Amino acid sequence: MLLMRMRNWLYISLFLELQFCSAFVLSKNIPHLSGVTAGRRGRDHQDLSSEMKLSSSASNDQRQLSRDIPKVETGVLSLLEKYPTADGRGVKVAVLDTGCDLGAAGLQRTSDGKPKYLDFIDCTGDGDIDMTKIVEIKSPGEGVVGLSGRTLLLGEWANQVKELRMGAVRLYHLLPRSVERRLKVERKEKFAATHRDLISKTQRSLDELRKACDEEKDDEKKSESKKEVKELELLLEQLKEAMESFDNDPGPLMDAVMYNDTDGSWKAVVDLDASGNLTQSTPMAPFGHEGQTGELGFGSAVTFCVQVYDEGKILSIVTDAGSHGTHVAGIVAANFGREQQSTDESDDGEGKTYLNGVAPGAQILACKIGDGRLGSTETGTGLVRALIACKKYGCDLINLSYGEPSWQPDSGRVAQTFTDAVYKWGMTVFTSAGNDGPALSSLGSPGCLTAPITVGAFVSTDMMRDQYSTLPPTGEEEPLEGASYYFSSRGPTPDGAMPDLCAPGGAISPIPRHALQGKAQYHGTSMSSPNACGVAACVLSALKENGIEKCNPTELKRGLVNSCTQVDVLDPFAQGAGLISAVGAVDYIIKNHGKDGQDLPIKVSIPSRNNARGIYVRDALELEGPMTFSVLVQPSFDQAFERTPDEMKMLLSLELELQFKPSDDWVVCPEKMTLMSAKERNGQSFSIRLKTQDLSAGVHYATVDAIDSSDPGRGAIFQVPITVIVPHSKFLTPTSPKLVLNDAESISINESNVDFSTTYKLLPGAPNRRFLSVPPTAEWATLKVRGVSSDLSATSPKRVMLHAIPYVRGDVPNTSVQLKKLIGITEGIEKKFSMRVAGGSTLELCLQLMWLANPSITSVDVDVEFHSLNIRPPNLVSTQPVIIGSATEFARLGASAMLRSEQVNPTATLKTVQRTIRPVESKIVSGSIERDLLPPSDAEVKASQGGTDPVGTQIYNMYLQYKFKVAGDKPIAAVPSVPSLFQQLYDSPLDSQLWVLKDSNSQILGYGSSMHQASSVSLAKGDYNITYLLRHPDRYVLEQMKDTSFQISFTLPDPLSCNVYSELDKASTPAVTGDGRKSLGSMLLKQGAQKDLYVARPTGDLPAWVTPGDTISGVFVLDKNNQAPTSMKLVYAVPPKATTKKSDDDEKSDDDDEDSLEDTVFLSKVKFLSKLQSKKDNAYGDLAAKLQEERPDSIPLLLELLSFAKKAPLPKSETDENKWRAQEIEKVKNSMMKANGGPIDEAVLAQYFGLKPPDKSELQEDKEAKKIKKEMDEQKKCLQAALLARASILGKTIAEDEVEDFDSAVKDLKKWVGGITDLADDDDKVSLTILLARHASLCQNKKATAMSILIKGRKDLKVGAYKEITNELIELYKSFGGMEHLIDHANNDIFNRFPVAKQDV
């Protein structure tokens, strides 16, 4: 499963803490790349003033102020010395994340006294509560009935309220999963303590009763005491089972009410302790009105606020989905200054300012985009709504420390919305590069997008000391030096783009109170992005001090990039232009503000390379082709639909004399270009030629900077990034098999002229790379890694990150194809790994010594062997499986050993049934007018001033409904998905997609989205439905997707094996046995040899629930001892079911009686009679009387009359429903008796069933016996139904004087019904279970027996019976006393399984 960036930083944090030792040293002169030359961005802005140097030259005071959240490295503290109020004040920053704890320390007020939070918005909708039900308040003192069924006692706040909107929500639905897990443990401990007390009391009662029983002399009393002992023993057994049921704690259901206050604002009240008592509750307005917050109960410590949407139809309970967002917000803008005074006498009165975030004066808009229903994964809905909210609140900056793998950079609806947010709505977006380094081309999305500022993670020497407690270097060791974190994702993207800059990637920052700690240390690019965002906030503050109120995203980005500083250990692929500099950016922007084109976005693309954003030459074959590339330059103007005079002036006046400056001499470009709007020609072009012939082995990076000829100090107006990889293998031939890289490193080709061996000298903090051209026919590679360090004094083993990426092409993210392992290196011990490769591509093998693991330099040897069986599709990531057709019986493949002799040891297994379903219903509606209206561009708004306000673009929601059934006696693990749209988010053609799976009772069983495979759900036999939400601003697009297919993947309980043969005749007759055939076993396929392989269909029985149209998927493995690289997807199309002729015994006899015409007509009348049950006139009674007169002994008619007596509407003349039904049931029961003209003679019936019944063969031979048996069976079922109905109605409400009647009715029933197995109807089984439990409790005083009957029945009977039986169990618990905890748990269980509040996507 793909992991989002938020999860990666947590993994890294924990892993470093648990696995790495705390001492490390960075060597001083570390080559950042093997055989690399690197051009630099911002080359004219590298000089640092002394106060901005990065190493240990920072003063102790500055280090103290920067120890938790780094600020020295970026020059923020120096900026504050120059501009004391440039701390982010006046700047609004949106944090798009998991949401924030509104009560966390340091996040209450800004440095100038404003509220820290502008607002807190749940953009995902996971906290939305449907409030469409309206209830009138008759008298506040009487309360109202909530959706939970509780009577809600209202407080004084309700005195002036006439009506309430009603809703409900489960506590766990609102909690972060970490808090949910904690609460479940705590609640279980509390439940267990209460339950143990109940068990101990029961045990003491049992002990006393046993003692009394042993001492009892009277035999009759002793016998009664023994029965009581058995009951208590049974009760203890049931209590034990009740304890085990708490493992599935569903949590409490909380009612919510809402009303429109006298001032017109909405107010909400939530029953936080699920007690129904709202008398002391404080009504809450939306957070933005009054800043009200609350805390969810039951020890959760989760802070919440509320929002109201759609004219009160939706109440949003806003909570965070995890600690990530609070930590990020703290990095950006935590303020521990005057707001929180220090008790330290040495404090200067400013408070704990050393704990502050980067921009303590900035205000935060908290936008929750991590959906709690999906474990805090971001959704398109959350992202797009958040950007809409950012514009609504006037945010200057946005931070997004989230991301997913990238398929198509700069494409898709969500990506386009980010582009619009920057270039049309004027907001600067910062985003993390990702945590998937150190190999090249590991940037994810949105880090790969053009519009945001992509930030890599940097660690300084101060951070090493302060955050990681590193030991100082000894006399023989080199000083510590700053570098990129190993995990920081690297560029270039497949189309050549790079990260923009880097910032400190670690921090000790506030986290939510529900984490039960105040602050935490996390690191990742999730931390570097908010640090850079905070720097930008300070920059904007300083610009405001200097009279620059508006600095658009392009000008700000240009200022930040062109003023970056270089770090000690260089790595442009991780660091982009370098380390962000607050002072440098302010100086740069002030100096260049207002100059021509300074705030103009310029798009640069390479048309011949699919409009790539840079030049990226990676494979050896490309190096042999033309190395001249045309570059298209297009200035981008944000204009209104009808251009204004000012916009026309801008277009006509643009004329920049640019000088092109290549950063290295292997790049050739023109000297100059005059840049104009070029609207007529759709841009201007120039060419770049690369001289790659003399480049050394390795990766080479350069740029072409476009500099203003008249003002070179402005730096690059635009830039073309160029990356060229020259594979090391290019320099190896049979006559020249070894390439020496330096004194300690080399690479050689082996005698096979296919395999390679190379030596790495690994230095802490520096990635070391090799590039190998993969043989054209190779399918996988085997890597053998072993330590060869001779330094016996070094601590062993050493931790090394092995990161191999086999190719970078098209739309395949690195996460789909890479090998990434953290391994321990010990001298002489070899580690072996296998990975798939693509023939003709360049394989990167990147190793990096972890700087926290062992600081000493180490050497590693790696052998690379390439393998092939020439059996795969040419694409590394392909949807082409091995297919066994429903009629072909087998699949044929041909294997050939092209590179070396290969081991073949095949196996084929089918594991998953895949069923495709289509929608049964579709509905398209407009999204929320408040949350789902994309704003117009700034240019359009500006052009409309004084006229009609421009309207935005409406987003539409399409809801598709799917239904499917699950058959079979055992639950089946299932995973729903939409394969055609899966794993697409930022680059998805849709704004969003989200689905929810429910059972027939509307219980939510699972959620899923476009990213990350949903967890499997165990589905029992029954009906299920899926609601699938698709969003897009073009309604016509959604109209065309109304038939989108959904796939349900069912896991087979027992995998099916498929034989693999080498002969066609065996494969084409897979069902044949007994001819001595054997499937193909292990064999050696010699180099140059070829072998035909046939995968036969499974011969084992398919489960009965598998139907034609399903496919069964699994895996075909060429070598079971090396499965990962030699496996292929296997698919079997399920054929029609076999048609087997019935045996003679099962055939219907020719002489069986057929219904006569009269019988058929009469049965039709009975069916029509049943349709009249709901009629309130006398039609039913009149027809029933006529039919009874016609055939008083008709069993179908009598059963229909019995059904009417049980379910018919109560006549208006009757007031006691149970009494009336009992009378009607008794009438029908009497009508069944022979003495009253009915068909049943109990004595005859009893005599018949008291004898041994005739067997099947006797019935086939004796027609009369068969007829009699049929009649007797029908009469018995009819009598059972009547007796069950009579006993059930008597047992519903039993007065003391009616116990004997109920007891007698049950005894009569037991004569004919021995248990639920005697009944066919599921509803009758439920009725019997409840009936027997009531009888045991009320008539026999056996409450434990009653509990046992109900608990067993709840397990054995259908899902629909669960609610009815559990409600009966609750009433039984009440009769015991001391079981309130069981009652509470059972009620919560019912609320969960049978939701009372509407929940959807």
# chains A, B, ... in the order shown; residues from 1 in each chain; ligands from 1
call {"tool": "select_by_dssp", "arguments": {"residues": "range 409-515 of chain A", "states": "alpha helix (DSSP H)", "output": "VMD selection string"}}
result
chain A and resid 413 to 423 461 to 468
call {"tool": "write_last_selection", "arguments": {"atoms": "N, CA and C atoms", "output": "PDB file, in the first residue's frame"}}
result
ATOM      1  N   ARG A 413      -7.425  17.443 -12.124  1.00  0.00           N
ATOM      2  CA  ARG A 413      -8.299  18.485 -11.614  1.00  0.00           C
ATOM      3  C   ARG A 413      -7.763  19.124 -10.331  1.00  0.00           C
ATOM      4  N   VAL A 414      -7.281  18.331  -9.392  1.00  0.00           N
ATOM      5  CA  VAL A 414      -6.780  18.910  -8.145  1.00  0.00           C
ATOM      6  C   VAL A 414      -5.521  19.726  -8.419  1.00  0.00           C
ATOM      7  N   ALA A 415      -4.650  19.198  -9.277  1.00  0.00           N
ATOM      8  CA  ALA A 415      -3.447  19.947  -9.645  1.00  0.00           C
ATOM      9  C   ALA A 415      -3.819  21.275 -10.291  1.00  0.00           C
ATOM     10  N   GLN A 416      -4.844  21.267 -11.140  1.00  0.00           N
ATOM     11  CA  GLN A 416      -5.270  22.504 -11.787  1.00  0.00           C
ATOM     12  C   GLN A 416      -5.802  23.497 -10.762  1.00  0.00           C
ATOM     13  N   THR A 417      -6.490  23.004  -9.743  1.00  0.00           N
ATOM     14  CA  THR A 417      -7.016  23.906  -8.715  1.00  0.00           C
ATOM     15  C   THR A 417      -5.880  24.552  -7.935  1.00  0.00           C
ATOM     16  N   PHE A 418      -4.806  23.812  -7.684  1.00  0.00           N
ATOM     17  CA  PHE A 418      -3.637  24.422  -7.038  1.00  0.00           C
ATOM     18  C   PHE A 418      -3.009  25.481  -7.949  1.00  0.00           C
ATOM     19  N   THR A 419      -2.951  25.176  -9.241  1.00  0.00           N
ATOM     20  CA  THR A 419      -2.426  26.160 -10.186  1.00  0.00           C
ATOM     21  C   THR A 419      -3.276  27.421 -10.171  1.00  0.00           C
ATOM     22  N   ASP A 420      -4.595  27.255 -10.145  1.00  0.00           N
ATOM     23  CA  ASP A 420      -5.488  28.410 -10.089  1.00  0.00           C
ATOM     24  C   ASP A 420      -5.317  29.178  -8.783  1.00  0.00           C
ATOM     25  N   ALA A 421      -5.141  28.442  -7.686  1.00  0.00           N
ATOM     26  CA  ALA A 421      -4.975  29.099  -6.389  1.00  0.00           C
ATOM     27  C   ALA A 421      -3.771  30.035  -6.393  1.00  0.00           C
ATOM     28  N   VAL A 422      -2.715  29.630  -7.090  1.00  0.00           N
ATOM     29  CA  VAL A 422      -1.496  30.439  -7.131  1.00  0.00           C
ATOM     30  C   VAL A 422      -1.627  31.573  -8.145  1.00  0.00           C
ATOM     31  N   TYR A 423      -1.954  31.209  -9.381  1.00  0.00           N
ATOM     32  CA  TYR A 423      -1.869  32.199 -10.470  1.00  0.00           C
ATOM     33  C   TYR A 423      -3.143  32.994 -10.682  1.00  0.00           C
ATOM     34  N   THR A 461      24.056  21.569  11.568  1.00  0.00           N
ATOM     35  CA  THR A 461      24.850  21.056  12.686  1.00  0.00           C
ATOM     36  C   THR A 461      24.207  21.401  14.026  1.00  0.00           C
ATOM     37  N   ASP A 462      23.595  22.587  14.127  1.00  0.00           N
ATOM     38  CA  ASP A 462      22.891  22.936  15.370  1.00  0.00           C
ATOM     39  C   ASP A 462      21.746  21.972  15.638  1.00  0.00           C
ATOM     40  N   MET A 463      21.014  21.628  14.593  1.00  0.00           N
ATOM     41  CA  MET A 463      19.912  20.680  14.747  1.00  0.00           C
ATOM     42  C   MET A 463      20.429  19.319  15.184  1.00  0.00           C
ATOM     43  N   MET A 464      21.551  18.921  14.631  1.00  0.00           N
ATOM     44  CA  MET A 464      22.137  17.634  15.009  1.00  0.00           C
ATOM     45  C   MET A 464      22.432  17.594  16.508  1.00  0.00           C
ATOM     46  N   ARG A 465      22.949  18.707  17.015  1.00  0.00           N
ATOM     47  CA  ARG A 465      23.285  18.753  18.436  1.00  0.00           C
ATOM     48  C   ARG A 465      22.039  18.884  19.312  1.00  0.00           C
ATOM     49  N   ASP A 466      21.146  19.815  18.902  1.00  0.00           N
ATOM     50  CA  ASP A 466      20.033  20.172  19.782  1.00  0.00           C
ATOM     51  C   ASP A 466      18.877  19.181  19.716  1.00  0.00           C
ATOM     52  N   GLN A 467      18.601  18.654  18.525  1.00  0.00           N
ATOM     53  CA  GLN A 467      17.439  17.781  18.380  1.00  0.00           C
ATOM     54  C   GLN A 467      17.788  16.304  18.437  1.00  0.00           C
ATOM     55  N   TYR A 468      19.039  15.968  18.091  1.00  0.00           N
ATOM     56  CA  TYR A 468      19.409  14.551  18.048  1.00  0.00           C
ATOM     57  C   TYR A 468      20.502  14.188  19.055  1.00  0.00           C
TER      58      TYR A 468
END
call {"tool": "residues_around", "arguments": {"residues": "Ile511 in chain A", "least_positions_apart": "4", "cutoff": "7 Å", "atoms": "only C-alpha atoms", "output": "PyMOL selection string"}}
result
chain A and resi 104+323+326-327+518-520
call {"tool": "residues_around", "arguments": {"residues": "range 127-133 of chain A", "least_positions_apart": "3", "cutoff": "8 Å", "atoms": "only C-alpha atoms", "output": "PyMOL selection string"}}
result
chain A and resi 122+124+165-169+173-174+257-258+312-319+1397-1399
call {"tool": "residues_around", "arguments": {"residues": "range 110-120 of chain A", "least_positions_apart": "3", "cutoff": "7 Å", "atoms": "only C-alpha atoms", "output": "VMD selection string"}}
result
chain A and resid 107 287 to 288 335 337 360 to 367
call {"tool": "closest_residue", "arguments": {"among": "A:Thr758, A:Phe964, A:Leu183, A:Phe982", "to": "Ser1000 in chain A", "atoms": "only C-alpha atoms"}}
result
A:Phe964
call {"tool": "select_by_dssp", "arguments": {"residues": "range 110-164 of chain A", "states": "strand (DSSP E)", "output": "short mmCIF file (atom, residue, chain, number, x, y, z; two decimals) with all heavy atoms, in the first residue's frame"}}
result
data_model
loop_
_atom_site.label_atom_id
_atom_site.label_comp_id
_atom_site.auth_asym_id
_atom_site.auth_seq_id
_atom_site.Cartn_x
_atom_site.Cartn_y
_atom_site.Cartn_z
N TYR A 117 -6.09 31.52 15.61
CA TYR A 117 -6.82 30.86 14.54
C TYR A 117 -7.88 31.78 13.95
O TYR A 117 -8.74 32.30 14.66
CB TYR A 117 -7.50 29.58 15.04
CG TYR A 117 -6.52 28.46 15.31
CD1 TYR A 117 -6.15 28.14 16.61
CD2 TYR A 117 -5.96 27.75 14.26
CE1 TYR A 117 -5.26 27.12 16.86
CE2 TYR A 117 -5.05 26.73 14.50
CZ TYR A 117 -4.70 26.41 15.80
OH TYR A 117 -3.81 25.40 16.04
N LEU A 118 -7.85 31.94 12.63
CA LEU A 118 -8.94 32.63 11.93
C LEU A 118 -10.19 31.77 11.97
O LEU A 118 -11.29 32.27 12.18
CB LEU A 118 -8.55 32.88 10.48
CG LEU A 118 -7.36 33.81 10.24
CD1 LEU A 118 -6.87 33.67 8.80
CD2 LEU A 118 -7.78 35.25 10.52
N ASP A 119 -10.01 30.48 11.77
CA ASP A 119 -11.12 29.54 11.80
C ASP A 119 -10.53 28.14 11.67
O ASP A 119 -9.35 27.97 11.38
CB ASP A 119 -12.11 29.80 10.65
CG ASP A 119 -13.55 29.46 11.03
OD1 ASP A 119 -13.73 28.63 11.95
OD2 ASP A 119 -14.47 30.03 10.44
N PHE A 120 -11.39 27.16 11.93
CA PHE A 120 -11.00 25.75 11.79
C PHE A 120 -12.13 25.08 11.01
O PHE A 120 -13.28 25.06 11.46
CB PHE A 120 -10.82 25.11 13.17
CG PHE A 120 -10.36 23.68 13.13
CD1 PHE A 120 -9.84 23.09 11.98
CD2 PHE A 120 -10.44 22.88 14.28
CE1 PHE A 120 -9.42 21.78 11.96
CE2 PHE A 120 -10.01 21.57 14.28
CZ PHE A 120 -9.50 21.02 13.12
N ILE A 121 -11.79 24.56 9.83
CA ILE A 121 -12.80 24.04 8.91
C ILE A 121 -12.49 22.59 8.57
O ILE A 121 -11.35 22.26 8.22
CB ILE A 121 -12.83 24.88 7.62
CG1 ILE A 121 -13.07 26.35 7.95
CG2 ILE A 121 -13.90 24.37 6.67
CD1 ILE A 121 -12.83 27.26 6.77
N ASP A 122 -13.50 21.75 8.67
CA ASP A 122 -13.37 20.38 8.20
C ASP A 122 -13.77 20.36 6.73
O ASP A 122 -14.95 20.42 6.39
CB ASP A 122 -14.28 19.44 9.01
CG ASP A 122 -14.22 18.01 8.52
OD1 ASP A 122 -13.43 17.72 7.60
OD2 ASP A 122 -14.97 17.17 9.04
N ASP A 128 -19.50 15.82 9.24
CA ASP A 128 -20.82 16.34 8.91
C ASP A 128 -21.92 15.49 9.54
O ASP A 128 -21.88 14.25 9.49
CB ASP A 128 -21.03 16.36 7.40
CG ASP A 128 -20.24 17.47 6.72
OD1 ASP A 128 -19.50 18.18 7.43
OD2 ASP A 128 -20.35 17.60 5.49
N ILE A 129 -22.91 16.16 10.12
CA ILE A 129 -24.07 15.49 10.71
C ILE A 129 -25.32 16.00 10.01
O ILE A 129 -25.52 17.21 9.89
CB ILE A 129 -24.18 15.76 12.22
CG1 ILE A 129 -22.89 15.34 12.94
CG2 ILE A 129 -25.37 15.03 12.82
CD1 ILE A 129 -22.87 15.72 14.40
N ASP A 130 -26.14 15.08 9.55
CA ASP A 130 -27.39 15.45 8.91
C ASP A 130 -28.35 15.99 9.96
O ASP A 130 -28.67 15.32 10.94
CB ASP A 130 -28.00 14.23 8.21
CG ASP A 130 -29.29 14.57 7.49
OD1 ASP A 130 -30.35 14.50 8.14
OD2 ASP A 130 -29.25 14.89 6.30
N LYS A 133 -33.90 16.67 10.23
CA LYS A 133 -35.09 16.38 11.03
C LYS A 133 -35.36 17.55 11.98
O LYS A 133 -34.48 18.01 12.70
CB LYS A 133 -34.90 15.10 11.84
CG LYS A 133 -36.14 14.75 12.67
CD LYS A 133 -35.97 13.45 13.42
CE LYS A 133 -37.22 13.13 14.24
NZ LYS A 133 -37.10 11.86 14.99
N ILE A 134 -36.58 18.04 11.97
CA ILE A 134 -36.97 19.19 12.79
C ILE A 134 -38.05 18.76 13.78
O ILE A 134 -39.00 18.06 13.41
CB ILE A 134 -37.49 20.35 11.91
CG1 ILE A 134 -36.38 20.79 10.94
CG2 ILE A 134 -37.96 21.51 12.77
CD1 ILE A 134 -36.83 21.85 9.95
N VAL A 135 -37.88 19.16 15.04
CA VAL A 135 -38.82 18.80 16.10
C VAL A 135 -39.27 20.08 16.80
O VAL A 135 -38.44 20.94 17.13
CB VAL A 135 -38.18 17.84 17.13
CG1 VAL A 135 -39.12 17.61 18.30
CG2 VAL A 135 -37.84 16.52 16.46
N GLU A 136 -40.56 20.21 17.01
CA GLU A 136 -41.08 21.36 17.74
C GLU A 136 -40.93 21.15 19.25
O GLU A 136 -41.09 20.02 19.73
CB GLU A 136 -42.56 21.58 17.41
CG GLU A 136 -42.80 22.09 16.00
CD GLU A 136 -44.26 22.45 15.77
OE1 GLU A 136 -45.03 22.43 16.76
OE2 GLU A 136 -44.61 22.73 14.62
N VAL A 144 -37.11 16.75 24.70
CA VAL A 144 -37.46 16.17 23.40
C VAL A 144 -36.76 14.82 23.29
O VAL A 144 -35.77 14.56 23.96
CB VAL A 144 -37.03 17.09 22.24
CG1 VAL A 144 -37.79 18.39 22.26
CG2 VAL A 144 -35.52 17.34 22.28
N VAL A 145 -37.28 13.98 22.43
CA VAL A 145 -36.68 12.67 22.20
C VAL A 145 -35.63 12.81 21.10
O VAL A 145 -35.93 13.24 19.98
CB VAL A 145 -37.73 11.62 21.81
CG1 VAL A 145 -37.05 10.28 21.52
CG2 VAL A 145 -38.76 11.47 22.92
N THR A 151 -34.49 10.69 26.06
CA THR A 151 -35.17 11.95 26.29
C THR A 151 -34.12 13.00 26.64
O THR A 151 -33.39 12.86 27.62
CB THR A 151 -36.20 11.84 27.42
OG1 THR A 151 -37.20 10.89 27.03
CG2 THR A 151 -36.85 13.17 27.68
N LEU A 152 -34.03 14.03 25.81
CA LEU A 152 -33.03 15.07 26.00
C LEU A 152 -33.61 16.17 26.88
O LEU A 152 -34.60 16.82 26.51
CB LEU A 152 -32.58 15.63 24.66
CG LEU A 152 -32.07 14.62 23.62
CD1 LEU A 152 -31.67 15.34 22.34
CD2 LEU A 152 -30.91 13.81 24.17
N LEU A 153 -32.99 16.38 28.04
CA LEU A 153 -33.41 17.44 28.95
C LEU A 153 -32.72 18.72 28.54
O LEU A 153 -31.49 18.78 28.45
CB LEU A 153 -33.05 17.06 30.39
CG LEU A 153 -33.63 15.73 30.91
CD1 LEU A 153 -33.16 15.47 32.33
CD2 LEU A 153 -35.14 15.75 30.83
N LEU A 154 -33.51 19.75 28.28
CA LEU A 154 -32.98 21.00 27.74
C LEU A 154 -32.71 22.01 28.83
O LEU A 154 -33.35 22.01 29.88
CB LEU A 154 -33.96 21.58 26.73
CG LEU A 154 -34.45 20.60 25.64
CD1 LEU A 154 -35.44 21.30 24.71
CD2 LEU A 154 -33.28 20.04 24.85
N GLU A 163 -38.21 25.45 17.79
CA GLU A 163 -37.96 24.17 17.13
C GLU A 163 -36.47 23.86 17.13
O GLU A 163 -35.63 24.77 17.16
CB GLU A 163 -38.51 24.17 15.70
CG GLU A 163 -37.85 25.14 14.77
CD GLU A 163 -38.42 25.08 13.36
OE1 GLU A 163 -39.61 24.70 13.22
OE2 GLU A 163 -37.69 25.40 12.41
N LEU A 164 -36.17 22.57 17.09
CA LEU A 164 -34.79 22.10 17.09
C LEU A 164 -34.55 21.22 15.86
O LEU A 164 -35.42 20.46 15.44
CB LEU A 164 -34.51 21.26 18.35
CG LEU A 164 -34.46 21.97 19.70
CD1 LEU A 164 -34.33 20.95 20.81
CD2 LEU A 164 -33.30 22.96 19.74
#
call {"tool": "atom_distance", "arguments": {"atom1": "CA of Leu632 in chain A", "atom2": "CA of Ser605 in chain A"}}
result
5.3 Å
call {"tool": "atom_distance", "arguments": {"atom1": "CA of Glu655 in chain A", "atom2": "CA of Phe686 in chain A"}}
result
16.3 Å
call {"tool": "closest_residue", "arguments": {"among": "A:Ala897, A:Leu1038, A:Leu933, A:Leu1157", "to": "Lys1091 in chain A", "atoms": "only C-alpha atoms"}}
result
A:Ala897
call {"tool": "atom_distance", "arguments": {"atom1": "CA of Val1313 in chain A", "atom2": "CA of Gln1275 in chain A"}}
result
13.3 Å
call {"tool": "closest_residue", "arguments": {"among": "A:Leu579, A:Ala943, A:Met627, A:Leu516", "to": "Phe641 in chain A", "atoms": "only C-alpha atoms"}}
result
A:Ala943
call {"tool": "closest_residue", "arguments": {"among": "A:Gln983, A:Ser663, A:Thr1329, A:Asn248", "to": "Ser445 in chain A", "atoms": "only C-alpha atoms"}}
result
A:Gln983
call {"tool": "residues_around", "arguments": {"residues": "range 1200-1206 of chain A", "least_positions_apart": "4", "cutoff": "6 Å", "atoms": "only C-alpha atoms", "output": "list of chain:residue names"}}
result
A:Arg1221, A:Glu1224, A:Ile1225
call {"tool": "write_last_selection", "arguments": {"atoms": "N, CA and C atoms", "output": "mmCIF file, in the first residue's frame"}}
result
data_model
loop_
_atom_site.group_PDB
_atom_site.id
_atom_site.type_symbol
_atom_site.label_atom_id
_atom_site.label_comp_id
_atom_site.auth_asym_id
_atom_site.auth_seq_id
_atom_site.Cartn_x
_atom_site.Cartn_y
_atom_site.Cartn_z
ATOM 1 N N ARG A 1221 -55.035 -8.801 19.300
ATOM 2 C CA ARG A 1221 -54.311 -9.771 18.489
ATOM 3 C C ARG A 1221 -54.393 -11.170 19.100
ATOM 4 N N GLU A 1224 -57.676 -12.579 18.068
ATOM 5 C CA GLU A 1224 -57.722 -12.939 16.660
ATOM 6 C C GLU A 1224 -56.910 -14.195 16.380
ATOM 7 N N ILE A 1225 -55.723 -14.297 17.005
ATOM 8 C CA ILE A 1225 -54.888 -15.489 16.819
ATOM 9 C C ILE A 1225 -55.605 -16.715 17.353
#
call {"tool": "closest_residue", "arguments": {"among": "A:Ile884, A:Ile1004, A:Val951, A:Lys998", "to": "Lys1129 in chain A", "atoms": "only C-alpha atoms"}}
result
A:Ile884
call {"tool": "closest_residue", "arguments": {"among": "A:Ile606, A:Ala1305, A:Ala192, A:Val617", "to": "Lys240 in chain A", "atoms": "only C-alpha atoms"}}
result
A:Ala192
